[in-house]
Structures are given as structure tokens and as C-alpha cells.
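Quick look at input-v3.txt (compact mmCIF, C-alpha atoms):
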# COMPACT_ATOMS: atom_id res chain seq x y z
CA MET A 1 -13.46 -16.15 -3.47
CA THR A 2 -13.09 -15.62 0.24
CA THR A 3 -11.22 -12.81 1.88
CA PRO A 4 -8.13 -13.23 4.05
CA THR A 5 -8.93 -12.28 7.60
CA ALA A 6 -5.66 -13.24 9.25
CA THR A 7 -4.61 -10.84 11.93
CA ASP A 8 -1.26 -12.42 12.84
CA ARG A 9 -2.05 -12.54 16.55
CA GLU A 10 0.50 -13.43 19.21
CA ILE A 11 -0.70 -16.31 21.36
CA ALA A 12 1.41 -18.50 23.64
CA GLY A 13 4.50 -16.54 22.62
CA LEU A 14 4.16 -17.13 18.88
CA ARG A 15 2.60 -15.08 16.13
CA CYS A 16 0.31 -16.75 13.57
CA SER A 17 2.88 -16.16 10.84
CA GLU A 18 5.53 -17.93 12.94
CA VAL A 19 3.21 -20.91 13.40
CA LEU A 20 2.57 -20.94 9.67
CA ALA A 21 6.32 -21.14 9.04
CA LEU A 22 6.70 -24.03 11.51
CA LEU A 23 3.85 -26.24 10.28
CA SER A 24 6.01 -28.63 8.27
CA SER A 25 8.49 -29.06 11.10
CA TRP A 26 5.51 -29.66 13.37
CA VAL A 27 3.91 -32.40 11.25
CA ASP A 28 7.34 -33.96 10.63
CA GLY A 29 8.03 -34.13 14.37
CA GLU A 30 11.16 -32.00 14.05
CA LEU A 31 10.40 -29.35 16.68
CA THR A 32 12.02 -29.27 20.09
CA GLY A 33 9.75 -29.92 23.03
CA ALA A 34 9.56 -26.20 23.82
CA GLN A 35 8.78 -25.27 20.22
CA ARG A 36 6.11 -27.96 19.96
CA GLY A 37 4.54 -26.78 23.20
CA ALA A 38 4.46 -23.20 21.93
CA VAL A 39 2.94 -24.18 18.56
CA GLU A 40 0.30 -26.38 20.19
CA GLY A 41 -0.46 -23.71 22.77
CA HIS A 42 -0.94 -21.16 20.02
CA VAL A 43 -3.12 -23.51 17.96
CA ARG A 44 -5.36 -24.23 20.95
CA GLY A 45 -5.98 -20.52 21.37
CA CYS A 46 -6.24 -19.49 17.72
CA ASP A 47 -9.11 -20.70 15.58
CA VAL A 48 -7.39 -19.56 12.36
CA CYS A 49 -4.25 -21.59 13.03
CA GLU A 50 -6.19 -24.53 14.47
CA ARG A 51 -8.26 -24.77 11.29
CA PHE A 52 -5.39 -24.21 8.90
CA GLY A 53 -2.96 -26.43 10.81
CA GLY A 54 -5.52 -29.22 10.86
CA ARG A 55 -6.04 -29.01 7.11
CA PHE A 56 -2.30 -28.86 6.50
CA ALA A 57 -1.64 -31.94 8.65
CA ALA A 58 -4.55 -33.84 7.06
CA MET A 59 -3.19 -33.08 3.61
CA VAL A 60 0.29 -34.36 4.48
CA GLN A 61 -1.26 -37.53 5.90
CA ALA A 62 -3.28 -37.94 2.71
CA ILE A 63 -0.14 -37.73 0.55
CA ARG A 64 1.54 -40.32 2.71
CA ALA A 65 -1.49 -42.57 2.26
CA LEU A 66 -1.20 -42.37 -1.54
CA ALA A 67 1.65 -44.87 -1.46
CA SER A 68 -0.19 -48.09 -2.10
CA ASP A 69 0.89 -51.50 -3.18
CA ASP A 70 0.34 -50.97 -6.86
CA ASP A 71 1.43 -53.71 -9.22
CA VAL A 72 3.56 -53.17 -12.28
CA ALA A 73 1.30 -52.97 -15.33
CA PRO A 74 1.61 -56.20 -17.39
CA ALA A 75 2.03 -54.23 -20.63
CA SER A 76 4.88 -52.21 -19.13
CA LEU A 77 6.58 -55.36 -17.91
CA GLU A 78 6.30 -57.01 -21.32
CA GLN A 79 7.68 -53.93 -23.07
CA LEU A 80 10.61 -53.87 -20.63
CA ARG A 81 11.32 -57.56 -21.27
CA GLN A 82 11.51 -56.86 -24.98
CA ARG A 83 13.89 -53.95 -24.48
CA LEU A 84 16.14 -55.97 -22.19
CA ARG A 85 16.27 -58.81 -24.72
CA ALA A 86 17.18 -56.45 -27.55
CA PRO A 87 20.90 -56.36 -28.44
CA MET B 1 18.96 -69.30 -1.96
CA SER B 2 16.72 -70.69 0.75
CA GLY B 3 13.21 -72.01 0.17
CA LEU B 4 11.83 -68.73 1.45
CA ALA B 5 11.52 -65.61 -0.68
CA PRO B 6 15.02 -64.55 -1.75
CA SER B 7 16.49 -61.52 -0.07
CA GLU B 8 17.15 -58.35 -2.01
CA ASP B 9 20.89 -59.14 -1.91
CA ASP B 10 20.16 -62.56 -3.42
CA LEU B 11 18.11 -60.95 -6.16
CA ILE B 12 20.84 -58.42 -6.94
CA ALA B 13 23.49 -61.13 -7.10
CA ALA B 14 21.34 -63.33 -9.32
CA ALA B 15 20.37 -60.44 -11.60
CA ARG B 16 24.04 -59.50 -11.97
CA GLY B 17 24.64 -63.03 -13.11
CA GLY B 18 22.08 -62.63 -15.87
CA ASP B 19 19.07 -64.16 -14.12
CA ALA B 20 16.17 -62.44 -15.88
CA ALA B 21 13.63 -63.68 -13.33
CA ALA B 22 15.63 -62.10 -10.51
CA PHE B 23 15.76 -58.78 -12.32
CA GLU B 24 12.03 -59.02 -12.95
CA ALA B 25 11.50 -59.61 -9.24
CA ILE B 26 13.37 -56.37 -8.58
CA VAL B 27 11.14 -54.64 -11.14
CA ARG B 28 8.03 -55.93 -9.39
CA LEU B 29 9.39 -54.92 -5.99
CA HIS B 30 10.46 -51.37 -6.81
CA GLY B 31 8.66 -50.65 -10.09
CA PRO B 32 5.49 -49.20 -8.56
CA ALA B 33 7.39 -46.63 -6.47
CA MET B 34 9.54 -45.74 -9.48
CA ARG B 35 6.46 -45.28 -11.61
CA ARG B 36 4.94 -42.94 -9.01
CA VAL B 37 8.13 -40.88 -8.88
CA ALA B 38 8.33 -40.74 -12.69
CA ARG B 39 4.69 -39.70 -12.87
CA ALA B 40 5.22 -37.06 -10.21
CA ILE B 41 8.18 -35.52 -11.97
CA THR B 42 6.79 -35.59 -15.49
CA GLY B 43 3.14 -34.96 -14.65
CA ASP B 44 2.30 -37.09 -17.65
CA ASP B 45 1.47 -40.79 -17.90
CA ALA B 46 3.13 -41.42 -21.25
CA LEU B 47 6.34 -39.60 -20.28
CA ALA B 48 6.31 -41.44 -16.96
CA ASP B 49 6.08 -44.79 -18.76
CA ASP B 50 9.01 -43.83 -20.98
CA ALA B 51 11.08 -42.69 -18.02
CA TRP B 52 10.22 -45.88 -16.12
CA GLN B 53 11.34 -48.04 -19.02
CA ASP B 54 14.51 -46.02 -19.56
CA ALA B 55 15.33 -46.24 -15.88
CA PHE B 56 15.07 -50.01 -15.71
CA VAL B 57 17.07 -50.43 -18.90
CA ALA B 58 19.75 -48.17 -17.41
CA ALA B 59 19.60 -50.01 -14.08
CA HIS B 60 19.95 -53.35 -15.83
CA ARG B 61 23.10 -52.12 -17.56
CA ALA B 62 24.49 -50.50 -14.43
CA LEU B 63 23.76 -53.32 -12.02
CA ALA B 64 27.27 -54.73 -12.41
CA GLY B 65 28.62 -51.49 -11.01
CA TYR B 66 26.16 -51.28 -8.13
CA ARG B 67 28.16 -51.55 -4.94
CA GLY B 68 25.38 -51.60 -2.44
CA GLN B 69 26.01 -48.04 -1.34
CA GLY B 70 22.73 -46.90 0.18
CA SER B 71 19.63 -48.96 -0.46
CA LEU B 72 18.72 -50.48 -3.82
CA ARG B 73 15.47 -48.54 -3.61
CA ALA B 74 17.29 -45.20 -3.24
CA TRP B 75 19.61 -46.13 -6.12
CA LEU B 76 16.69 -47.02 -8.38
CA LEU B 77 14.74 -43.90 -7.41
CA ALA B 78 17.79 -41.79 -8.29
CA ILE B 79 17.95 -43.46 -11.70
CA VAL B 80 14.27 -42.90 -12.45
CA ARG B 81 14.52 -39.29 -11.29
CA ASN B 82 17.35 -38.72 -13.72
CA ALA B 83 15.46 -40.44 -16.52
CA ALA B 84 12.33 -38.39 -15.88
CA ARG B 85 14.22 -35.12 -15.62
CA LYS B 86 16.09 -35.89 -18.82
CA LEU B 87 12.74 -36.17 -20.57
CA LEU B 88 11.69 -32.84 -19.09
CA ARG B 89 14.94 -31.02 -19.79
CA GLU B 90 13.39 -28.59 -22.24
CA ARG B 91 11.13 -27.30 -19.52
CA SER B 92 12.53 -24.52 -17.41
CA GLY B 93 11.67 -21.27 -15.72
CA HIS B 94 10.97 -20.66 -12.09
CA ASP B 95 9.54 -17.63 -10.38
CA ASP B 96 11.31 -16.14 -7.42
CA GLU B 97 10.41 -17.91 -4.18
CA PRO B 98 7.45 -16.15 -2.59
CA GLU B 99 7.26 -15.69 1.13
CA VAL B 100 5.71 -18.43 3.23
CA PHE B 101 3.16 -15.90 4.42
CA THR B 102 2.03 -15.24 0.84
CA LEU B 103 1.87 -18.95 0.12
CA GLY B 104 -0.16 -19.48 3.28
CA LEU B 105 -2.71 -16.89 2.19
CA ALA B 106 -2.96 -18.59 -1.20
CA ALA B 107 -3.57 -21.88 0.60
CA GLY B 108 -6.51 -20.43 2.51
CA TRP B 109 -4.84 -19.47 5.77
CA GLY B 110 -7.10 -17.00 7.54
CA GLU B 111 -10.02 -17.37 5.15
CA ALA B 112 -13.40 -16.83 6.73
CA SER B 113 -15.02 -19.75 4.93
CA PRO B 114 -12.37 -22.22 3.87
CA GLU B 115 -13.19 -25.07 1.55
CA ASP B 116 -13.35 -28.45 3.15
CA VAL B 117 -9.86 -29.48 2.12
CA ALA B 118 -9.82 -32.33 4.63
CA VAL B 119 -12.51 -34.05 2.58
CA ALA B 120 -10.90 -33.18 -0.74
CA SER B 121 -7.49 -34.45 0.26
CA ARG B 122 -8.92 -37.86 1.13
CA ASP B 123 -9.93 -38.27 -2.50
CA ARG B 124 -6.95 -39.80 -4.30
CA ALA B 125 -8.00 -38.48 -7.70
CA GLN B 126 -8.34 -34.93 -6.40
CA LEU B 127 -5.02 -35.14 -4.62
CA TRP B 128 -3.28 -36.39 -7.75
CA ALA B 129 -4.99 -33.68 -9.79
CA ALA B 130 -3.70 -31.05 -7.37
CA LEU B 131 -0.21 -32.56 -7.48
CA ASP B 132 -0.34 -32.40 -11.26
CA ARG B 133 -0.91 -28.66 -11.08
CA LEU B 134 2.36 -28.10 -9.23
CA GLU B 135 5.72 -27.49 -10.83
CA PRO B 136 7.77 -30.68 -11.38
CA ASP B 137 10.29 -29.73 -8.67
CA ASP B 138 7.52 -29.42 -6.08
CA ARG B 139 5.91 -32.70 -7.13
CA GLU B 140 9.23 -34.48 -7.01
CA LEU B 141 9.92 -33.28 -3.50
CA LEU B 142 6.47 -34.18 -2.19
CA VAL B 143 6.57 -37.63 -3.74
CA LEU B 144 10.06 -38.48 -2.51
CA ARG B 145 9.57 -37.16 1.01
CA ASP B 146 5.88 -37.67 1.76
CA LEU B 147 4.59 -40.30 -0.63
CA GLU B 148 7.62 -42.58 -0.80
CA GLY B 149 8.66 -41.76 2.75
CA GLN B 150 12.35 -41.14 2.10
CA SER B 151 14.12 -39.44 5.00
CA GLY B 152 14.94 -35.76 4.88
CA ASP B 153 18.63 -36.62 4.56
CA GLU B 154 17.97 -39.02 1.68
CA VAL B 155 15.90 -36.48 -0.22
CA ALA B 156 18.42 -33.69 0.36
CA ALA B 157 21.21 -35.96 -0.88
CA ALA B 158 19.16 -37.05 -3.90
CA LEU B 159 18.49 -33.43 -4.85
CA GLY B 160 22.05 -32.34 -4.07
CA ILE B 161 20.96 -29.62 -1.65
CA ALA B 162 21.40 -28.95 2.05
CA LEU B 163 18.89 -30.44 4.47
CA SER B 164 17.78 -26.96 5.54
CA ALA B 165 17.15 -25.96 1.91
CA MET B 166 15.21 -29.18 1.34
CA LYS B 167 13.00 -28.44 4.36
CA SER B 168 12.35 -24.92 3.18
CA ARG B 169 11.40 -26.11 -0.31
CA LEU B 170 9.26 -28.91 1.12
CA HIS B 171 7.25 -26.48 3.24
CA ARG B 172 6.61 -24.22 0.25
CA ALA B 173 5.66 -27.21 -1.90
CA ARG B 174 3.15 -28.38 0.72
CA LEU B 175 1.61 -24.92 0.91
CA ARG B 176 1.33 -24.79 -2.87
CA LEU B 177 -0.36 -28.18 -2.85
CA LEU B 178 -2.80 -27.01 -0.20
CA ALA B 179 -3.50 -23.94 -2.35
CA ALA B 180 -4.15 -26.20 -5.34
CA LEU B 181 -6.57 -28.26 -3.25
CA THR B 182 -8.26 -25.20 -1.80
CA HIS B 183 -8.72 -23.46 -5.14
CA PRO B 184 -8.91 -26.27 -7.72
CA GLY B 185 -9.69 -23.81 -10.51
CA GLY B 186 -7.08 -21.26 -9.48
CA PRO B 187 -3.89 -20.32 -11.30
CA ARG B 188 -0.88 -22.61 -11.15
Before we go any further, please render this structure as C-alpha cells.
Amino acid sequence: MTTPTATDREIAGLRCSEVLALLSSWVDGELTGAQRGAVEGHVRGCDVCERFGGRFAAMVQAIRALASDDDVAPASLEQLRQRLRAP
Amino acid sequence: MSGLAPSEDDLIAAARGGDAAAFEAIVRLHGPAMRRVARAITGDDALADDAWQDAFVAAHRALAGYRGQGSLRAWLLAIVRNAARKLLRERSGHDDEPEVFTLGLAAGWGEASPEDVAVASRDRAQLWAALDRLEPDDRELLVLRDLEGQSGDEVAAALGIALSAMKSRLHRARLRLLAALTHPGGPR
């Protein structure tokens, strides 16, 4: 188990904890231009937030990539046909 | 219908008229996404299969009343959500919402030697395993918003909550997922 070393520094006008709270809005493209500039300025100057923000964004991308063109399982389809034919 | 693939409206109209092949085409088109949502909510393959079946049976019966409000996909996802949640109804109990800061620490924010989550999250099996360790509400949110790509407004409407509340819950759910990826053996 590793030990938290966060110091909640203020960089580019934002504290680490404020960046942490904005990460979802950041990856979803929902920040204003000024907010995005402040978050990205902070991240450039803060190795903790750069590392964590990168992992957070990579994880969200990975979830989005889970949606694949699966096919319906033949057994499921057959079972559904039987249920739909039942009175 | 033209010689090209029928449109979704054509399929709906034909299925309403009792065309089993048209309904099956709808199943093939939207079934995989519905199965993923059912699996995400139930966290269990067998329950997900049951919810998926129940949802399509319900959709088949309700198709006559479908008025084209919203997309067919959103309508079907709402039905499968309800079916999956019905199967989970006995489950309950939620802790108070912890602070984002606390969730961030649990997810490895500020750790001196973080695990290589970027690698782990590229592994589909590991990502699904981490999703399975979340509470059903968190999984549901992540699957609807991130995996199935529904808009924030659609997800908020589906869950019956305000957009701001949806965003707040989504952020916490993502942090919990990152915690589950960072500490695969940790507590739920």
C-alpha cells in the first residue's frame, strides 16, 4: 500500500483538490475556455495532477472503447423467439 | 420498403404489424447494448440474460404504444434498465456520499508509486472486473454515459434526476472505478 503524498498545491490559480473535482467536466469537454486553461495550466505544473488526470482520462477512454459490435447470442435469440411465440 | 436495408422506422412499423423478422432485426440492432446495460446493472450474467429477455418481451408487447418519442434505442434502454432493476429490487443500502477528495485518495491521487492503471484499463477483462466491483447504481451510470455514449441530458432523464446531480454522481462513480482498478484487491 502506498502513502498519499498530496499537498493540495495552488498552481495556475487552482488547488489540486479543485482540479480533482473538475476532472470529469474536463474529460467531457464541459469546462469554459477559462476553466480549461486553468486546469491545463495547473496540470502542466503539477506532477501529481498530471499523473492522476492522465490515468483518469485514459480510464474514461477505455470505458468508451468497451462498446463493441457484439452480436446477440444465438441461444438468447432462440429463447426469446420461443417466449414471443408463447400465448 | 426499398431494396436497401430498412430504416428503423420501417422496422418499427413492420414489427407493430406482427412481422417477427422485423422485430428480430430490432433485437439484433439494439440487443447487444441492452445486454451490456443489463449486465452492468445486475453485475451477473444469468440475471442479465433474464432481464434482457424480459425487456424484449415487454418491448414486444408495448411496441403498439410506442409513439416515437425519443429514440428507439433510448426507449429500449429504459425498458431493460427497469427489467434489470426489478430483478435487483431486494438489494438496497447505500453509504453516505463521501467527499470527492476522499474518493480521489482512494483512487490513488497523490500516491508516490501509483499502479500502472493506464495499462490495466486497456484490458477489457480487468475493466469489466473493476466495474463488477462497483455498486449497481455506479455501474449503470458509467455504462449509460460512457460505454453506451448517451448524452448527459438523456442519462439524467433516464435516471429521473437533475443534470447537475447526474454529473456529480458520474464523477464519483468514475473515481470509484479508478479506485477499483488501482487496488484490485481492495474493499468495495
So what do you get for CA of Arg85 in chain A versus CA of Arg36 in chain B, distance-wise?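 About the pair CA of Arg85 in chain A and CA of Arg36 in chain B: they are 25.0 Å apart.
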Residues near Ala84 in chain B, anyone? I mean within 8 Å using all atoms listed in the file, not counting same-chain ones fewer than 4 positions away, as a PyMOL selection string. chain B and resi 38+41-42+47-48+51-52+80+88
What are the closest atom pairs, with distances in Å to one decimal, for all residues of chain A lying within 9 Å of chain B? Consider all atoms listed in the file, order rows by chain and residue number, and present the result as a tab-separated table.
residue	atom	partner	partner_atom	distance
A:Met1	CA	B:His183	CA	8.9
A:Thr2	CA	B:Glu111	CA	6.0
A:Thr3	CA	B:Glu111	CA	5.7
A:Pro4	CA	B:Glu111	CA	4.7
A:Thr5	CA	B:Gly110	CA	5.1
A:Ala6	CA	B:Gly110	CA	4.4
A:Thr7	CA	B:Gly110	CA	8.0
A:Ser17	CA	B:Phe101	CA	6.4
A:Leu20	CA	B:Gly104	CA	7.1
A:Ala21	CA	B:Val100	CA	6.4
A:Leu22	CA	B:His171	CA	8.6
A:Leu23	CA	B:His171	CA	7.8
A:Ser24	CA	B:His171	CA	5.6
A:Ser25	CA	B:Lys167	CA	8.1
A:Val48	CA	B:Gly110	CA	5.5
A:Cys49	CA	B:Trp109	CA	7.6
A:Arg51	CA	B:Trp109	CA	8.4
A:Phe52	CA	B:Trp109	CA	5.7
A:Gly53	CA	B:Trp109	CA	8.8
A:Gly54	CA	B:Ala118	CA	8.2
A:Arg55	CA	B:Ala118	CA	5.6
A:Phe56	CA	B:Leu178	CA	7.0
A:Ala58	CA	B:Ala118	CA	6.0
A:Met59	CA	B:Ser121	CA	5.6
A:Val60	CA	B:Asp146	CA	7.0
A:Gln61	CA	B:Asp146	CA	8.3
A:Ala62	CA	B:Arg122	CA	5.9
A:Ile63	CA	B:Leu147	CA	5.5
A:Arg64	CA	B:Leu147	CA	4.5
A:Ala65	CA	B:Leu147	CA	7.1
A:Leu66	CA	B:Leu147	CA	6.2
A:Ala67	CA	B:Leu147	CA	5.5
A:Ser68	CA	B:Pro32	CA	8.7
A:Asp69	CA	B:Pro32	CA	7.4
A:Asp70	CA	B:Pro32	CA	5.7
A:Asp71	CA	B:Pro32	CA	6.1
A:Val72	CA	B:Pro32	CA	5.8
A:Ala73	CA	B:Pro32	CA	8.8
A:Ser76	CA	B:Asp49	CA	7.5
A:Leu77	CA	B:Val27	CA	8.2
A:Gln79	CA	B:Gln53	CA	8.0
A:Leu80	CA	B:Gln53	CA	6.1
A:Arg81	CA	B:Glu24	CA	8.5
A:Arg83	CA	B:Val57	CA	7.3
A:Leu84	CA	B:Val57	CA	6.5
For Ala156 in chain B: contacts at 12 Å, only C-alpha atoms, fewer than 4 positions along chain excluded, given as an NGL selection string: :B and (78 or 140-141 or 144-145 or 150-152 or 160-170)
CA of Gly29 in chain A to CA of Pro184 in chain B, distance in Å rounded to a single decimal: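 Taking CA of Gly29 in chain A and CA of Pro184 in chain B, their separation equals 28.9 Å.
Take CA of Ala5 in chain B and CA of Gly68 in chain B: the distance between them is 19.8 Å.
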Pick out the closest residue to Arg89 in chain B from this set: B:Ala180, B:Ala55, B:Leu4, B:Pro136. Count all atoms listed in the file.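 The shortest atom-to-atom distance to Arg89 in chain B comes from B:Pro136.
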